[in-house]
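Engineer: Structure supplied as entry-v6.pdb; contents: PDB, C-alpha atoms and all ligand atoms.
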```pdb
MODEL        1
ATOM      1  CA  MET A   1     -24.109 138.526  65.337
ATOM      2  CA  GLU A   2     -22.038 136.369  63.013
ATOM      3  CA  LEU A   3     -18.430 135.600  63.860
ATOM      4  CA  GLU A   4     -17.141 137.979  61.151
ATOM      5  CA  GLY A   5     -18.334 140.941  63.215
ATOM      6  CA  PHE A   6     -16.401 139.676  66.218
ATOM      7  CA  VAL A   7     -12.911 138.995  64.963
ATOM      8  CA  GLU A   8     -10.404 141.779  64.598
ATOM      9  CA  ALA A   9      -9.784 142.853  60.999
ATOM     10  CA  GLY A  10      -6.353 141.761  59.805
ATOM     11  CA  SER A  11      -5.962 139.226  62.647
ATOM     12  CA  GLN A  12      -4.994 135.567  62.302
ATOM     13  CA  GLU A  13      -8.585 134.668  63.219
ATOM     14  CA  ALA A  14      -9.942 136.856  60.417
ATOM     15  CA  ALA A  15      -7.586 135.157  57.940
ATOM     16  CA  LEU A  16      -8.699 131.701  59.118
ATOM     17  CA  LEU A  17     -12.347 132.657  58.989
ATOM     18  CA  LYS A  18     -11.972 133.872  55.413
ATOM     19  CA  GLN A  19     -10.691 130.452  54.367
ATOM     20  CA  ILE A  20     -13.592 128.576  55.963
ATOM     21  CA  ASP A  21     -16.370 127.498  53.611
ATOM     22  CA  LYS A  22     -19.624 128.325  55.417
ATOM     23  CA  ASP A  23     -21.509 125.801  53.301
ATOM     24  CA  ARG A  24     -19.357 122.911  54.515
ATOM     25  CA  LEU A  25     -19.240 123.495  58.247
ATOM     26  CA  PRO A  26     -19.273 120.461  60.531
ATOM     27  CA  LYS A  27     -22.872 120.246  61.771
ATOM     28  CA  HIS A  28     -21.816 118.617  65.016
ATOM     29  CA  VAL A  29     -18.504 119.252  66.798
ATOM     30  CA  ALA A  30     -17.639 117.132  69.837
ATOM     31  CA  VAL A  31     -14.764 118.002  72.173
ATOM     32  CA  ILE A  32     -12.732 116.014  74.689
ATOM     33  CA  MET A  33     -11.494 118.889  76.834
ATOM     34  CA  ASP A  34      -8.190 117.598  78.192
ATOM     35  CA  GLY A  35      -5.058 119.046  79.747
ATOM     36  CA  ASN A  36      -6.454 121.270  82.488
ATOM     37  CA  GLY A  37      -4.291 119.557  85.125
ATOM     38  CA  ARG A  38      -1.101 119.821  83.049
ATOM     39  CA  TRP A  39      -1.846 123.450  82.198
ATOM     40  CA  ALA A  40      -2.020 124.171  85.938
ATOM     41  CA  GLY A  41       1.021 122.010  86.747
ATOM     42  CA  MET A  42       3.162 123.972  84.303
ATOM     43  CA  ARG A  43       2.259 127.104  86.218
ATOM     44  CA  ARG A  44       2.784 125.464  89.620
ATOM     45  CA  LEU A  45      -0.893 125.981  90.329
ATOM     46  CA  PRO A  46      -3.324 123.443  91.843
ATOM     47  CA  ARG A  47      -5.181 121.277  89.271
ATOM     48  CA  VAL A  48      -8.457 123.019  90.020
ATOM     49  CA  ALA A  49      -6.957 126.286  88.741
ATOM     50  CA  GLY A  50      -6.712 124.525  85.379
ATOM     51  CA  HIS A  51     -10.391 123.600  85.488
ATOM     52  CA  ARG A  52     -11.295 127.166  86.389
ATOM     53  CA  ALA A  53      -9.253 128.493  83.464
ATOM     54  CA  GLY A  54     -10.938 125.866  81.279
ATOM     55  CA  ILE A  55     -14.300 127.521  81.881
ATOM     56  CA  GLU A  56     -13.095 130.576  79.967
ATOM     57  CA  SER A  57     -12.355 128.296  76.997
ATOM     58  CA  VAL A  58     -15.823 126.755  77.336
ATOM     59  CA  ARG A  59     -17.389 130.237  77.132
ATOM     60  CA  GLU A  60     -15.360 131.238  74.091
ATOM     61  CA  ILE A  61     -15.862 127.968  72.210
ATOM     62  CA  VAL A  62     -19.618 127.920  72.880
ATOM     63  CA  GLU A  63     -19.995 131.501  71.675
ATOM     64  CA  SER A  64     -17.727 131.022  68.658
ATOM     65  CA  SER A  65     -19.450 127.792  67.599
ATOM     66  CA  ALA A  66     -22.840 129.474  67.802
ATOM     67  CA  ARG A  67     -21.695 132.506  65.791
ATOM     68  CA  LEU A  68     -19.907 130.380  63.229
ATOM     69  CA  GLY A  69     -23.079 128.403  62.549
ATOM     70  CA  VAL A  70     -22.227 125.006  64.040
ATOM     71  CA  GLN A  71     -25.526 123.273  64.906
ATOM     72  CA  VAL A  72     -24.426 121.008  67.764
ATOM     73  CA  LEU A  73     -21.504 121.266  70.188
ATOM     74  CA  THR A  74     -20.928 118.388  72.614
ATOM     75  CA  LEU A  75     -18.447 118.928  75.447
ATOM     76  CA  TYR A  76     -17.093 116.085  77.594
ATOM     77  CA  ALA A  77     -17.178 117.727  81.031
ATOM     78  CA  PHE A  78     -17.183 114.791  83.465
ATOM     79  CA  SER A  79     -16.851 111.084  82.799
ATOM     80  CA  VAL A  80     -18.116 108.201  84.902
ATOM     81  CA  GLU A  81     -14.411 107.407  85.452
ATOM     82  CA  ASN A  82     -13.740 110.930  86.807
ATOM     83  CA  TRP A  83     -15.323 109.930  90.152
ATOM     84  CA  LYS A  84     -11.980 108.212  90.881
ATOM     85  CA  ARG A  85     -10.333 111.624  91.255
ATOM     86  CA  PRO A  86      -9.722 113.141  94.711
ATOM     87  CA  ARG A  87     -12.984 114.214  96.339
ATOM     88  CA  SER A  88     -11.945 117.837  96.509
ATOM     89  CA  GLU A  89     -11.291 117.928  92.752
ATOM     90  CA  VAL A  90     -14.657 116.303  92.002
ATOM     91  CA  ARG A  91     -16.379 118.797  94.303
ATOM     92  CA  THR A  92     -14.667 121.729  92.572
ATOM     93  CA  LEU A  93     -15.636 120.443  89.121
ATOM     94  CA  MET A  94     -19.291 120.213  90.194
ATOM     95  CA  GLU A  95     -19.099 123.688  91.751
ATOM     96  CA  LEU A  96     -17.629 125.076  88.527
ATOM     97  CA  LEU A  97     -20.427 123.549  86.504
ATOM     98  CA  LYS A  98     -23.020 125.061  88.802
ATOM     99  CA  GLU A  99     -21.253 128.416  88.612
ATOM    100  CA  TYR A 100     -21.085 128.195  84.824
ATOM    101  CA  LEU A 101     -24.826 127.627  84.617
ATOM    102  CA  ARG A 102     -25.592 130.317  87.160
ATOM    103  CA  LEU A 103     -23.526 132.900  85.297
ATOM    104  CA  GLU A 104     -24.166 131.825  81.718
ATOM    105  CA  LEU A 105     -27.755 130.614  81.534
ATOM    106  CA  ASP A 106     -29.175 134.048  80.719
ATOM    107  CA  SER A 107     -26.639 134.631  78.016
ATOM    108  CA  LEU A 108     -27.128 131.131  76.555
ATOM    109  CA  HIS A 109     -30.863 131.760  76.441
ATOM    110  CA  LYS A 110     -30.527 135.249  74.935
ATOM    111  CA  ASN A 111     -28.269 133.813  72.245
ATOM    112  CA  ASN A 112     -30.930 131.238  71.334
ATOM    113  CA  ILE A 113     -28.715 128.360  72.551
ATOM    114  CA  ARG A 114     -30.417 125.141  73.676
ATOM    115  CA  PHE A 115     -28.703 123.514  76.636
ATOM    116  CA  ARG A 116     -28.769 119.766  77.238
ATOM    117  CA  ALA A 117     -26.975 117.518  79.688
ATOM    118  CA  ILE A 118     -26.266 113.960  78.575
ATOM    119  CA  GLY A 119     -25.107 111.128  80.824
ATOM    120  CA  ARG A 120     -26.397 109.527  84.008
ATOM    121  CA  ILE A 121     -27.748 112.847  85.274
ATOM    122  CA  GLN A 122     -30.127 111.090  87.689
ATOM    123  CA  GLU A 123     -27.087 109.956  89.736
ATOM    124  CA  LEU A 124     -25.829 113.512  90.363
ATOM    125  CA  GLU A 125     -26.550 115.382  93.584
ATOM    126  CA  GLU A 126     -29.893 117.140  93.871
ATOM    127  CA  PRO A 127     -28.685 120.792  93.590
ATOM    128  CA  ILE A 128     -26.806 120.295  90.330
ATOM    129  CA  ARG A 129     -29.499 118.008  88.940
ATOM    130  CA  LYS A 130     -32.093 120.679  89.618
ATOM    131  CA  GLN A 131     -29.989 123.333  87.934
ATOM    132  CA  LEU A 132     -29.413 121.146  84.879
ATOM    133  CA  TYR A 133     -33.123 120.321  84.473
ATOM    134  CA  GLU A 134     -33.982 123.995  84.926
ATOM    135  CA  ALA A 135     -31.450 125.062  82.250
ATOM    136  CA  MET A 136     -32.849 122.418  79.878
ATOM    137  CA  ARG A 137     -36.416 123.545  80.542
ATOM    138  CA  ILE A 138     -35.686 127.248  80.056
ATOM    139  CA  THR A 139     -33.763 126.799  76.798
ATOM    140  CA  GLU A 140     -35.874 123.953  75.403
ATOM    141  CA  GLY A 141     -37.580 126.065  72.728
ATOM    142  CA  ASN A 142     -34.386 127.693  71.410
ATOM    143  CA  SER A 143     -33.459 126.992  67.821
ATOM    144  CA  GLY A 144     -29.800 128.041  67.630
ATOM    145  CA  LEU A 145     -26.780 126.009  68.721
ATOM    146  CA  LEU A 146     -27.530 122.866  70.720
ATOM    147  CA  LEU A 147     -24.988 122.696  73.548
ATOM    148  CA  ASN A 148     -24.707 119.157  74.909
ATOM    149  CA  VAL A 149     -22.703 118.817  78.078
ATOM    150  CA  ALA A 150     -21.675 115.219  78.780
ATOM    151  CA  LEU A 151     -21.764 114.750  82.530
ATOM    152  CA  ASN A 152     -21.337 111.531  84.483
ATOM    153  CA  TYR A 153     -21.060 110.212  80.954
ATOM    154  CA  SER A 154     -19.465 107.074  79.535
ATOM    155  CA  GLY A 155     -19.968 105.703  76.041
ATOM    156  CA  ARG A 156     -20.357 102.130  77.282
ATOM    157  CA  ALA A 157     -22.796 103.214  80.000
ATOM    158  CA  GLU A 158     -24.778 105.029  77.304
ATOM    159  CA  LEU A 159     -24.997 101.809  75.280
ATOM    160  CA  VAL A 160     -26.091  99.870  78.387
ATOM    161  CA  ASP A 161     -28.784 102.498  79.071
ATOM    162  CA  THR A 162     -29.807 102.434  75.421
ATOM    163  CA  PHE A 163     -30.332  98.663  75.368
ATOM    164  CA  ASN A 164     -32.150  98.722  78.700
ATOM    165  CA  ARG A 165     -34.530 101.398  77.414
ATOM    166  CA  LEU A 166     -35.090  99.389  74.282
ATOM    167  CA  LEU A 167     -35.842  96.284  76.359
ATOM    168  CA  ALA A 168     -38.255  98.222  78.572
ATOM    169  CA  GLU A 169     -40.140  99.401  75.509
ATOM    170  CA  VAL A 170     -40.269  95.870  74.102
ATOM    171  CA  LYS A 171     -41.720  94.620  77.409
ATOM    172  CA  GLN A 172     -44.293  97.389  77.472
ATOM    173  CA  ASN A 173     -45.410  97.010  73.864
ATOM    174  CA  GLY A 174     -45.212  93.249  73.800
ATOM    175  CA  HIS A 175     -43.688  93.040  70.343
ATOM    176  CA  THR A 176     -40.020  92.537  69.530
ATOM    177  CA  PRO A 177     -38.659  94.876  66.838
ATOM    178  CA  SER A 178     -35.758  93.766  64.707
ATOM    179  CA  ILE A 179     -32.610  95.517  65.819
ATOM    180  CA  SER A 180     -31.199  98.015  63.338
ATOM    181  CA  GLU A 181     -28.619 100.803  63.544
ATOM    182  CA  GLU A 182     -31.413 103.308  63.144
ATOM    183  CA  LEU A 183     -33.332 101.794  66.085
ATOM    184  CA  ILE A 184     -30.281 101.844  68.363
ATOM    185  CA  SER A 185     -29.552 105.473  67.409
ATOM    186  CA  ARG A 186     -33.109 106.379  68.382
ATOM    187  CA  PHE A 187     -32.578 105.165  71.950
ATOM    188  CA  LEU A 188     -29.207 106.855  72.537
ATOM    189  CA  TYR A 189     -28.890 109.985  74.713
ATOM    190  CA  THR A 190     -28.237 111.794  71.412
ATOM    191  CA  SER A 191     -31.437 110.590  69.754
ATOM    192  CA  GLY A 192     -32.412 112.864  66.872
ATOM    193  CA  ILE A 193     -29.019 114.605  66.777
ATOM    194  CA  PRO A 194     -26.681 114.047  63.816
ATOM    195  CA  ASP A 195     -23.479 112.172  64.684
ATOM    196  CA  PRO A 196     -20.378 114.330  65.253
ATOM    197  CA  ASP A 197     -18.621 115.267  62.017
ATOM    198  CA  LEU A 198     -15.575 116.502  63.886
ATOM    199  CA  LEU A 199     -14.140 115.213  67.167
ATOM    200  CA  ILE A 200     -11.519 117.464  68.766
ATOM    201  CA  ARG A 201      -9.246 116.298  71.565
ATOM    202  CA  THR A 202      -6.948 118.781  73.265
ATOM    203  CA  SER A 203      -3.596 118.135  74.980
ATOM    204  CA  GLY A 204      -2.273 115.556  72.547
ATOM    205  CA  GLU A 205      -3.481 112.216  73.934
ATOM    206  CA  MET A 206      -4.424 109.683  71.243
ATOM    207  CA  ARG A 207      -7.428 108.213  73.032
ATOM    208  CA  ILE A 208     -11.208 108.197  72.786
ATOM    209  CA  SER A 209     -11.694 107.791  76.557
ATOM    210  CA  ASN A 210     -15.124 106.172  76.343
ATOM    211  CA  PHE A 211     -16.691 109.175  74.585
ATOM    212  CA  LEU A 212     -19.643 108.808  72.176
ATOM    213  CA  LEU A 213     -18.503 105.337  71.118
ATOM    214  CA  TRP A 214     -21.436 104.671  68.800
ATOM    215  CA  GLN A 215     -21.721 108.167  67.387
ATOM    216  CA  ILE A 216     -18.091 108.751  66.304
ATOM    217  CA  ALA A 217     -18.001 105.842  63.837
ATOM    218  CA  TYR A 218     -17.253 108.190  60.928
ATOM    219  CA  SER A 219     -16.134 111.368  62.708
ATOM    220  CA  GLU A 220     -12.985 113.127  61.613
ATOM    221  CA  ILE A 221     -10.605 113.176  64.581
ATOM    222  CA  TYR A 222      -8.492 116.258  65.272
ATOM    223  CA  ILE A 223      -5.927 116.076  68.039
ATOM    224  CA  THR A 224      -4.073 119.197  69.078
ATOM    225  CA  PRO A 225      -1.235 119.508  71.621
ATOM    226  CA  THR A 226      -2.870 122.691  72.973
ATOM    227  CA  TYR A 227      -4.143 122.286  76.554
ATOM    228  CA  TRP A 228      -7.860 122.980  76.988
ATOM    229  CA  PRO A 229      -7.419 126.264  78.962
ATOM    230  CA  ASP A 230      -5.386 127.609  76.011
ATOM    231  CA  PHE A 231      -7.829 126.382  73.362
ATOM    232  CA  ARG A 232      -9.610 129.447  72.015
ATOM    233  CA  ARG A 233     -11.459 130.708  68.923
ATOM    234  CA  LYS A 234      -8.336 130.607  66.753
ATOM    235  CA  HIS A 235      -7.820 126.921  67.574
ATOM    236  CA  LEU A 236     -11.453 126.080  66.813
ATOM    237  CA  LEU A 237     -11.141 127.784  63.430
ATOM    238  CA  GLU A 238      -7.934 125.850  62.719
ATOM    239  CA  ALA A 239      -9.704 122.586  63.528
ATOM    240  CA  VAL A 240     -12.674 123.429  61.287
ATOM    241  CA  LEU A 241     -10.349 124.409  58.464
ATOM    242  CA  GLU A 242      -8.417 121.156  58.735
ATOM    243  CA  TYR A 243     -11.726 119.266  58.785
ATOM    244  CA  GLN A 244     -12.721 120.976  55.535
ATOM    245  CA  GLN A 245      -9.428 120.024  53.949
ATOM    246  CA  ARG A 246      -9.998 116.332  54.608
ATOM    247  CA  GLU A 247     -11.875 114.100  52.252
ATOM    248  CA  ARG A 248     -14.582 112.069  53.995
ATOM    249  CA  ARG A 249     -15.170 108.733  52.390
ATOM    250  CA  TYR A 250     -17.383 106.799  54.844
ATOM    251  CA  GLY A 251     -15.707 103.553  53.832
ATOM    252  CA  GLY A 252     -16.094 104.188  50.104
ATOM    253  CA  ILE A 253     -13.290 105.106  47.719
TER     254      ILE A 253
HETATM  255  C1  LIG B 301      -9.588 117.253  81.643
HETATM  256  O1  LIG B 301      -8.401 117.768  82.137
HETATM  257  C2  LIG B 301     -10.750 118.047  81.998
HETATM  258  C3  LIG B 301     -11.785 117.646  82.788
HETATM  259  C4  LIG B 301     -11.858 116.310  83.392
HETATM  260  C5  LIG B 301     -12.894 118.517  83.112
HETATM  261  C6  LIG B 301     -13.335 119.512  82.078
HETATM  262  C7  LIG B 301     -14.219 120.454  82.730
HETATM  263  C8  LIG B 301     -14.236 121.794  82.582
HETATM  264  C9  LIG B 301     -13.394 122.552  81.637
HETATM  265  C10 LIG B 301     -15.142 122.610  83.416
HETATM  266  C11 LIG B 301     -16.597 122.417  83.321
HETATM  267  C12 LIG B 301     -17.207 122.353  81.993
HETATM  268  C13 LIG B 301     -18.302 123.048  81.556
HETATM  269  C14 LIG B 301     -18.994 122.591  80.331
HETATM  270  C15 LIG B 301     -18.839 124.233  82.221
HETATM  271  P1  LIG B 301      -7.529 116.868  83.111
HETATM  272  O2  LIG B 301      -7.834 117.256  84.501
HETATM  273  O3  LIG B 301      -7.738 115.428  82.781
HETATM  274  O4  LIG B 301      -6.098 117.326  82.705
HETATM  275  P2  LIG B 301      -4.755 116.453  82.728
HETATM  276  O5  LIG B 301      -4.970 115.320  81.760
HETATM  277  O6  LIG B 301      -3.729 117.436  82.249
HETATM  278  O7  LIG B 301      -4.550 116.014  84.137
ENDMDL
END
```
Do you think you could lay out the structure here as structure tokens?
Structural biologist:
Amino acid sequence: MELEGFVEAGSQEAALLKQIDKDRLPKHVAVIMDGNGRWAGMRRLPRVAGHRAGIESVREIVESSARLGVQVLTLYAFSVENWKRPRSEVRTLMELLKEYLRLELDSLHKNNIRFRAIGRIQELEEPIRKQLYEAMRITEGNSGLLLNVALNYSGRAELVDTFNRLLAEVKQNGHTPSISEELISRFLYTSGIPDPDLLIRTSGEMRISNFLLWQIAYSEIYITPTYWPDFRRKHLLEAVLEYQQRERRYGGI
């Protein structure tokens, strides 16, 4: 069902939705989900309570993006740098991811959503790796929203992996192609996926944090002070509306 059937008539969400031009939606929305720890701290709760609350936002934003008609949603769930966090926090984040997949996979599949994990997935522990590959396999043929979850991800690591894969292919084929932007894009984790039109970062930090470095060259950046656990459908609609009000020039005039 489209988002119109989901929002309450007369609500702020309905008003926002009415202003959104369905013909000019961002095809690809990428999100740096930040502020879980601060959200918890403000409530004198442990940081992991913030991550748990953040899962509810993940559910709502995935569902809303799919119903709105966004084609690709990429969520930054765990960076290569996040391994520096206390072991118990890392363990909880991995447990939450497993729980998310366990509880949501059926619903993702029923809603025609294709799940993909991007990052150095091969370095993750066997149980989560298995679950990720299984989710990708089950939803592979779906044609609705593509949900990319960036896990053990870093933009620089992605570029290193990209060039190594390119080199391996050169060695195997024995001929050296000339390097072009198009060729590099073809070897990225996001090969075949349009670059993000809109990059959202929650909790107010003005940083890219090693996320999709190649792909965000021309993305519109939207930074909101809202912490990720508070970021819901209304906030997504606000971000899309602001995106539509901007003029994209791609370096032209
Ligand atoms: C940033 O908040 C958030 C993370 C590092 C993890 C985000 C993960 C989830 C919401 C859960 C799993 C995701 C999926 C897709 C199921 P922070 O801890 O850096 O917050 P702070 O900056 O306030 O400390």
Engineer: Within 6 Å of range 55-68 of chain A, counting all atoms listed in the file, which residues show up once you throw out same-chain ones fewer than 2 positions away? Write them as number ranges by chain, please.
Structural biologist: A: 2-3, 52-53, 70, 145, 229, 232
Engineer: Determine the residue membership of the PyMOL selection byres (((chain A and resi 98-106) around 9) and not hetatm) for the file above and supply it as a PyMOL selection string.
Structural biologist: chain A and resi 55+59+93-97+107-111+115+127-128+131-132+135+138-139
Engineer: How about saving the chosen residues, C-alpha atoms kept, as a PDB file, keeping the file's coordinate frame?
Structural biologist:
```pdb
ATOM      1  CA  ILE A  55     -14.300 127.521  81.881  1.00  0.00           C
ATOM      2  CA  ARG A  59     -17.389 130.237  77.132  1.00  0.00           C
ATOM      3  CA  LEU A  93     -15.636 120.443  89.121  1.00  0.00           C
ATOM      4  CA  MET A  94     -19.291 120.213  90.194  1.00  0.00           C
ATOM      5  CA  GLU A  95     -19.099 123.688  91.751  1.00  0.00           C
ATOM      6  CA  LEU A  96     -17.629 125.076  88.527  1.00  0.00           C
ATOM      7  CA  LEU A  97     -20.427 123.549  86.504  1.00  0.00           C
ATOM      8  CA  SER A 107     -26.639 134.631  78.016  1.00  0.00           C
ATOM      9  CA  LEU A 108     -27.128 131.131  76.555  1.00  0.00           C
ATOM     10  CA  HIS A 109     -30.863 131.760  76.441  1.00  0.00           C
ATOM     11  CA  LYS A 110     -30.527 135.249  74.935  1.00  0.00           C
ATOM     12  CA  ASN A 111     -28.269 133.813  72.245  1.00  0.00           C
ATOM     13  CA  PHE A 115     -28.703 123.514  76.636  1.00  0.00           C
ATOM     14  CA  PRO A 127     -28.685 120.792  93.590  1.00  0.00           C
ATOM     15  CA  ILE A 128     -26.806 120.295  90.330  1.00  0.00           C
ATOM     16  CA  GLN A 131     -29.989 123.333  87.934  1.00  0.00           C
ATOM     17  CA  LEU A 132     -29.413 121.146  84.879  1.00  0.00           C
ATOM     18  CA  ALA A 135     -31.450 125.062  82.250  1.00  0.00           C
ATOM     19  CA  ILE A 138     -35.686 127.248  80.056  1.00  0.00           C
ATOM     20  CA  THR A 139     -33.763 126.799  76.798  1.00  0.00           C
TER      21      THR A 139
END
```
Engineer: Using only C-alpha atoms, determine which residues lie at most 10 Å from Ile216 in chain A, disregarding the query and same-chain residues fewer than 5 positions distant; provide the list as a VMD selection string.
Structural biologist: chain A and resid 30 195 to 199 208 211 221
Engineer: Could you work out an axis-aligned box for range 131-142 of chain A, taking every atom the file lists and adding 8 Å on each side, and report centre and edge lengths in Å to one decimal, as JSON?
Structural biologist:
```
{"center_x": -33.5, "center_y": 124.0, "center_z": 79.7, "size_x": 24.2, "size_y": 23.4, "size_z": 32.5}
```
Engineer: For this structure, which residues satisfy the selection - the PyMOL selection byres (((chain A and resi 224) around 7) and not hetatm) - when it is evaluated on the file as given? I want them as a PyMOL selection string.
Structural biologist: chain A and resi 201-204+222-223+225-226
Engineer: Go ahead and write the residues just picked, C-alpha atoms, as a PDB file, in the frame of the given file.
Structural biologist:
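Okay, result_7.pdb is ready:
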```
ATOM      1  CA  ARG A 201      -9.246 116.298  71.565  1.00  0.00           C
ATOM      2  CA  THR A 202      -6.948 118.781  73.265  1.00  0.00           C
ATOM      3  CA  SER A 203      -3.596 118.135  74.980  1.00  0.00           C
ATOM      4  CA  GLY A 204      -2.273 115.556  72.547  1.00  0.00           C
ATOM      5  CA  TYR A 222      -8.492 116.258  65.272  1.00  0.00           C
ATOM      6  CA  ILE A 223      -5.927 116.076  68.039  1.00  0.00           C
ATOM      7  CA  PRO A 225      -1.235 119.508  71.621  1.00  0.00           C
ATOM      8  CA  THR A 226      -2.870 122.691  72.973  1.00  0.00           C
TER       9      THR A 226
END
```
Engineer: What is the distance between CA of Arg249 in chain A and CA of Leu146 in chain A, in Å to one decimal?
Structural biologist: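 It comes out at 26.2 Å.
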Engineer: Using the chain letters and residue numbers of this document, give as an mmCIF file with C-alpha atoms, in the frame of the given file the residues selected by the PyMOL selection byres (((chain A and resi 183) around 12) and not hetatm).
Structural biologist:
```cif
data_model
loop_
_atom_site.group_PDB
_atom_site.id
_atom_site.type_symbol
_atom_site.label_atom_id
_atom_site.label_comp_id
_atom_site.auth_asym_id
_atom_site.auth_seq_id
_atom_site.Cartn_x
_atom_site.Cartn_y
_atom_site.Cartn_z
ATOM 1 C CA THR A 162 -29.807 102.434 75.421
ATOM 2 C CA PHE A 163 -30.332 98.663 75.368
ATOM 3 C CA ARG A 165 -34.530 101.398 77.414
ATOM 4 C CA LEU A 166 -35.090 99.389 74.282
ATOM 5 C CA LEU A 167 -35.842 96.284 76.359
ATOM 6 C CA GLU A 169 -40.140 99.401 75.509
ATOM 7 C CA THR A 176 -40.020 92.537 69.530
ATOM 8 C CA PRO A 177 -38.659 94.876 66.838
ATOM 9 C CA SER A 178 -35.758 93.766 64.707
ATOM 10 C CA ILE A 179 -32.610 95.517 65.819
ATOM 11 C CA SER A 180 -31.199 98.015 63.338
ATOM 12 C CA GLU A 181 -28.619 100.803 63.544
ATOM 13 C CA GLU A 182 -31.413 103.308 63.144
ATOM 14 C CA ILE A 184 -30.281 101.844 68.363
ATOM 15 C CA SER A 185 -29.552 105.473 67.409
ATOM 16 C CA ARG A 186 -33.109 106.379 68.382
ATOM 17 C CA PHE A 187 -32.578 105.165 71.950
ATOM 18 C CA LEU A 188 -29.207 106.855 72.537
ATOM 19 C CA SER A 191 -31.437 110.590 69.754
ATOM 20 C CA GLY A 192 -32.412 112.864 66.872
#
```
Engineer: Pick out the closest residue to ligand LIG 301 (chain B) from this set: A:Glu4, A:Asp21, A:Glu242, A:Glu89. Count only C-alpha atoms and all ligand atoms.
Structural biologist: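 Looking at the shortest contact to ligand LIG 301 (chain B), the residue is A:Glu89.
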Engineer: Which of these, A:Asp23, A:Glu8, A:Glu238, A:Glu205, has the shortest distance to ligand LIG 301 (chain B) once you count all atoms listed in the file?
Structural biologist: A:Glu205
Engineer: Given all atoms listed in the file as the basis, pick out the residue of A:Val170, A:Leu17, A:Arg207, A:Asn164 nearest to ligand LIG 301 (chain B).
Structural biologist: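 Checking each of A:Val170, A:Leu17, A:Arg207, A:Asn164 against ligand LIG 301 (chain B), counting all atoms listed in the file, the winner is A:Arg207.
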Engineer: Can you list every residue of chain A that has an atom at most 6 Å from ligand LIG 301 (chain B), with its nearest atom pair and the distance in Å to one decimal, using only C-alpha atoms and all ligand atoms, ordered by chain then number, as a tab-separated table?
Structural biologist:
```
residue	atom	partner	partner_atom	distance
A:Met33	CA	B:LIG301	C2	5.3
A:Asp34	CA	B:LIG301	C1	3.7
A:Gly35	CA	B:LIG301	O6	3.3
A:Asn36	CA	B:LIG301	O4	4.0
A:Gly37	CA	B:LIG301	O6	3.6
A:Arg38	CA	B:LIG301	O6	3.6
A:His51	CA	B:LIG301	C9	5.0
A:Gly54	CA	B:LIG301	C9	4.1
A:Ile55	CA	B:LIG301	C9	5.1
A:Ala77	CA	B:LIG301	C6	4.4
A:Phe78	CA	B:LIG301	C4	5.5
A:Leu96	CA	B:LIG301	C11	5.9
A:Leu97	CA	B:LIG301	C15	4.6
A:Tyr100	CA	B:LIG301	C15	5.2
A:Val149	CA	B:LIG301	C14	5.8
```
Engineer: Taking 2 positions as the minimum chain separation for residues in the same chain, which residues sit within 7 Å of Gly144 in chain A when counting all atoms listed in the file? Answer as a PDB file with C-alpha atoms, in the frame of the given file.
Structural biologist:
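And here's part-v3.pdb as it stands now:
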```pdb
ATOM      1  CA  GLN A  71     -25.526 123.273  64.906  1.00  0.00           C
ATOM      2  CA  ASN A 112     -30.930 131.238  71.334  1.00  0.00           C
ATOM      3  CA  ILE A 113     -28.715 128.360  72.551  1.00  0.00           C
ATOM      4  CA  ARG A 114     -30.417 125.141  73.676  1.00  0.00           C
ATOM      5  CA  ASN A 142     -34.386 127.693  71.410  1.00  0.00           C
ATOM      6  CA  LEU A 146     -27.530 122.866  70.720  1.00  0.00           C
TER       7      LEU A 146
END
```
Engineer: So how far away is CA of Asp230 in chain A from CA of Gly10 in chain A, in Å?
Structural biologist: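 Separating CA of Gly10 in chain A from CA of Asp230 in chain A is a distance of 21.5 Å.
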Engineer: Could N, CA, C and O atoms be built for range 81-87 of chain A and written out as a PDB file, in the frame of the given file?
Structural biologist:
```pdb
ATOM      1  N   GLU A  81     -15.716 107.762  84.869  1.00  0.00           N
ATOM      2  CA  GLU A  81     -14.411 107.407  85.452  1.00  0.00           C
ATOM      3  C   GLU A  81     -13.834 108.554  86.307  1.00  0.00           C
ATOM      4  O   GLU A  81     -13.002 108.324  87.179  1.00  0.00           O
ATOM      5  N   ASN A  82     -14.283 109.784  86.058  1.00  0.00           N
ATOM      6  CA  ASN A  82     -13.740 110.930  86.807  1.00  0.00           C
ATOM      7  C   ASN A  82     -14.074 110.897  88.303  1.00  0.00           C
ATOM      8  O   ASN A  82     -13.456 111.609  89.091  1.00  0.00           O
ATOM      9  N   TRP A  83     -15.022 110.038  88.715  1.00  0.00           N
ATOM     10  CA  TRP A  83     -15.323 109.930  90.152  1.00  0.00           C
ATOM     11  C   TRP A  83     -14.121 109.388  90.924  1.00  0.00           C
ATOM     12  O   TRP A  83     -14.049 109.519  92.146  1.00  0.00           O
ATOM     13  N   LYS A  84     -13.159 108.780  90.201  1.00  0.00           N
ATOM     14  CA  LYS A  84     -11.980 108.212  90.881  1.00  0.00           C
ATOM     15  C   LYS A  84     -11.005 109.307  91.297  1.00  0.00           C
ATOM     16  O   LYS A  84     -10.013 109.034  91.964  1.00  0.00           O
ATOM     17  N   ARG A  85     -11.242 110.527  90.892  1.00  0.00           N
ATOM     18  CA  ARG A  85     -10.333 111.624  91.255  1.00  0.00           C
ATOM     19  C   ARG A  85     -10.530 112.014  92.726  1.00  0.00           C
ATOM     20  O   ARG A  85     -11.562 111.694  93.315  1.00  0.00           O
ATOM     21  N   PRO A  86      -9.550 112.726  93.313  1.00  0.00           N
ATOM     22  CA  PRO A  86      -9.722 113.141  94.711  1.00  0.00           C
ATOM     23  C   PRO A  86     -11.047 113.878  94.906  1.00  0.00           C
ATOM     24  O   PRO A  86     -11.488 114.621  94.018  1.00  0.00           O
ATOM     25  N   ARG A  87     -11.650 113.636  96.077  1.00  0.00           N
ATOM     26  CA  ARG A  87     -12.984 114.214  96.339  1.00  0.00           C
ATOM     27  C   ARG A  87     -13.027 115.721  96.166  1.00  0.00           C
ATOM     28  O   ARG A  87     -14.008 116.285  95.681  1.00  0.00           O
TER      29      ARG A  87
END
```
